[in-house]
Amino acid sequence: MTTVGQADGDARSDALDAYLAQREADGYRVETRSGAQAIICRRHRLYFLVKLFSRESAQHRLVVSVDEHGEVTSAPAEPVRW
C-alpha cells in the first residue's frame with residue numbers, strides 16, 4: 001500500500017529521471033543524486049588543457065531539483081574546490 005507522500009516522491013523521482021536522461025543525451029553526467037535533487041556536470045572535451053591554460057570554466061555544473069508539483073528547475077552550482 002502506498003501513501004500520498006510516497007506517490008508524490010515517486011512522481012518527483014520520475015520527473016527527475018526523465019530530465020536527467022534528457023541532459024545525459026546532451027553530454028552531462030550525474031555527479032550526485034537524491035530523490036528530488038541532483039548535481040550534473042558537462043566538461044569541455046579538452047577539460048584538462050582548458051583547466052591548465054585558461055581562466056574560462058572548463059566545466060558547467062548545475063543543481064537540478066524537483067518541487068512538490070513535479071516542476072524541474074536548474075541553477076548554476078558552485079565550482080568544485082579541491
# chains A, B, ... in the order shown; residues from 1 in each chain; ligands from 1
>>> residues_around(residues="segment 27-30 of chain A", least_positions_apart="2", cutoff="12 Å", atoms="only C-alpha atoms", output="VMD selection string")
chain A and resid 16 to 17 19 to 25 32 to 34 37 to 45 59 to 64
>>> write_last_selection(atoms="N, CA and C atoms", output="PDB file, in the first residue's frame")
ATOM      1  N   LEU A  16      12.530  13.736 -12.215  1.00  0.00           N
ATOM      2  CA  LEU A  16      13.978  13.943 -12.197  1.00  0.00           C
ATOM      3  C   LEU A  16      14.671  12.947 -13.120  1.00  0.00           C
ATOM      4  N   ASP A  17      14.233  11.689 -13.107  1.00  0.00           N
ATOM      5  CA  ASP A  17      14.802  10.673 -14.005  1.00  0.00           C
ATOM      6  C   ASP A  17      14.681  11.095 -15.465  1.00  0.00           C
ATOM      7  N   TYR A  19      14.277  14.146 -16.724  1.00  0.00           N
ATOM      8  CA  TYR A  19      15.116  15.320 -17.001  1.00  0.00           C
ATOM      9  C   TYR A  19      16.587  14.921 -17.107  1.00  0.00           C
ATOM     10  N   LEU A  20      17.046  14.065 -16.197  1.00  0.00           N
ATOM     11  CA  LEU A  20      18.448  13.649 -16.237  1.00  0.00           C
ATOM     12  C   LEU A  20      18.758  12.841 -17.487  1.00  0.00           C
ATOM     13  N   ALA A  21      17.839  12.009 -17.924  1.00  0.00           N
ATOM     14  CA  ALA A  21      18.050  11.236 -19.154  1.00  0.00           C
ATOM     15  C   ALA A  21      18.201  12.178 -20.345  1.00  0.00           C
ATOM     16  N   GLN A  22      17.382  13.232 -20.362  1.00  0.00           N
ATOM     17  CA  GLN A  22      17.464  14.222 -21.444  1.00  0.00           C
ATOM     18  C   GLN A  22      18.805  14.954 -21.404  1.00  0.00           C
ATOM     19  N   ARG A  23      19.240  15.352 -20.234  1.00  0.00           N
ATOM     20  CA  ARG A  23      20.502  16.080 -20.100  1.00  0.00           C
ATOM     21  C   ARG A  23      21.714  15.183 -20.363  1.00  0.00           C
ATOM     22  N   GLU A  24      21.629  13.892 -20.010  1.00  0.00           N
ATOM     23  CA  GLU A  24      22.723  12.972 -20.318  1.00  0.00           C
ATOM     24  C   GLU A  24      22.900  12.843 -21.817  1.00  0.00           C
ATOM     25  N   ALA A  25      21.809  12.897 -22.553  1.00  0.00           N
ATOM     26  CA  ALA A  25      21.897  12.871 -24.017  1.00  0.00           C
ATOM     27  C   ALA A  25      22.584  14.131 -24.544  1.00  0.00           C
ATOM     28  N   THR A  32      26.069  13.591  -8.377  1.00  0.00           N
ATOM     29  CA  THR A  32      25.415  13.068  -7.189  1.00  0.00           C
ATOM     30  C   THR A  32      23.916  13.234  -7.350  1.00  0.00           C
ATOM     31  N   ARG A  33      23.160  12.367  -6.659  1.00  0.00           N
ATOM     32  CA  ARG A  33      21.713  12.391  -6.830  1.00  0.00           C
ATOM     33  C   ARG A  33      21.006  11.912  -5.579  1.00  0.00           C
ATOM     34  N   SER A  34      19.875  12.549  -5.285  1.00  0.00           N
ATOM     35  CA  SER A  34      18.964  12.072  -4.243  1.00  0.00           C
ATOM     36  C   SER A  34      17.591  11.934  -4.902  1.00  0.00           C
ATOM     37  N   GLN A  37      16.750  15.801  -5.997  1.00  0.00           N
ATOM     38  CA  GLN A  37      17.794  16.762  -6.364  1.00  0.00           C
ATOM     39  C   GLN A  37      18.995  16.022  -6.940  1.00  0.00           C
ATOM     40  N   ALA A  38      19.701  16.683  -7.849  1.00  0.00           N
ATOM     41  CA  ALA A  38      20.911  16.111  -8.437  1.00  0.00           C
ATOM     42  C   ALA A  38      21.862  17.239  -8.799  1.00  0.00           C
ATOM     43  N   ILE A  39      23.135  16.901  -8.885  1.00  0.00           N
ATOM     44  CA  ILE A  39      24.138  17.817  -9.416  1.00  0.00           C
ATOM     45  C   ILE A  39      24.681  17.159 -10.671  1.00  0.00           C
ATOM     46  N   ILE A  40      24.619  17.906 -11.774  1.00  0.00           N
ATOM     47  CA  ILE A  40      25.093  17.392 -13.051  1.00  0.00           C
ATOM     48  C   ILE A  40      26.212  18.279 -13.561  1.00  0.00           C
ATOM     49  N   CYS A  41      27.046  17.708 -14.430  1.00  0.00           N
ATOM     50  CA  CYS A  41      28.231  18.409 -14.906  1.00  0.00           C
ATOM     51  C   CYS A  41      28.480  18.054 -16.365  1.00  0.00           C
ATOM     52  N   ARG A  42      28.874  19.056 -17.146  1.00  0.00           N
ATOM     53  CA  ARG A  42      29.321  18.811 -18.516  1.00  0.00           C
ATOM     54  C   ARG A  42      30.701  19.430 -18.643  1.00  0.00           C
ATOM     55  N   ARG A  43      31.649  18.591 -18.957  1.00  0.00           N
ATOM     56  CA  ARG A  43      33.025  19.065 -19.109  1.00  0.00           C
ATOM     57  C   ARG A  43      33.339  19.354 -20.567  1.00  0.00           C
ATOM     58  N   HIS A  44      34.221  20.309 -20.737  1.00  0.00           N
ATOM     59  CA  HIS A  44      34.746  20.618 -22.063  1.00  0.00           C
ATOM     60  C   HIS A  44      35.499  19.387 -22.562  1.00  0.00           C
ATOM     61  N   ARG A  45      35.470  19.138 -23.869  1.00  0.00           N
ATOM     62  CA  ARG A  45      36.158  17.962 -24.418  1.00  0.00           C
ATOM     63  C   ARG A  45      37.638  17.935 -24.054  1.00  0.00           C
ATOM     64  N   GLN A  59      34.277  23.355 -16.982  1.00  0.00           N
ATOM     65  CA  GLN A  59      33.096  22.526 -16.820  1.00  0.00           C
ATOM     66  C   GLN A  59      31.898  23.379 -16.418  1.00  0.00           C
ATOM     67  N   HIS A  60      30.725  22.884 -16.732  1.00  0.00           N
ATOM     68  CA  HIS A  60      29.480  23.579 -16.431  1.00  0.00           C
ATOM     69  C   HIS A  60      28.680  22.686 -15.480  1.00  0.00           C
ATOM     70  N   ARG A  61      28.489  23.148 -14.243  1.00  0.00           N
ATOM     71  CA  ARG A  61      27.784  22.374 -13.221  1.00  0.00           C
ATOM     72  C   ARG A  61      26.429  23.005 -12.928  1.00  0.00           C
ATOM     73  N   LEU A  62      25.421  22.142 -12.739  1.00  0.00           N
ATOM     74  CA  LEU A  62      24.072  22.595 -12.428  1.00  0.00           C
ATOM     75  C   LEU A  62      23.509  21.814 -11.250  1.00  0.00           C
ATOM     76  N   VAL A  63      22.738  22.495 -10.400  1.00  0.00           N
ATOM     77  CA  VAL A  63      21.944  21.835  -9.374  1.00  0.00           C
ATOM     78  C   VAL A  63      20.541  21.709  -9.952  1.00  0.00           C
ATOM     79  N   VAL A  64      20.047  20.494 -10.038  1.00  0.00           N
ATOM     80  CA  VAL A  64      18.731  20.226 -10.583  1.00  0.00           C
ATOM     81  C   VAL A  64      17.843  19.767  -9.431  1.00  0.00           C
TER      82      VAL A  64
END
>>> atom_distance(atom1="atom CA of Glu71 of chain A", atom2="atom CA of Glu31 of chain A")
20.8 Å
>>> atom_distance(atom1="atom CA of Ala11 of chain A", atom2="atom CA of Val66 of chain A")
9.5 Å
>>> atom_distance(atom1="atom CA of Ala18 of chain A", atom2="atom CA of Pro76 of chain A")
19.5 Å
>>> residues_around(residues="Gly70 of chain A", least_positions_apart="5", cutoff="9 Å", atoms="only C-alpha atoms", output="VMD selection string")
chain A and resid 8 11 to 16
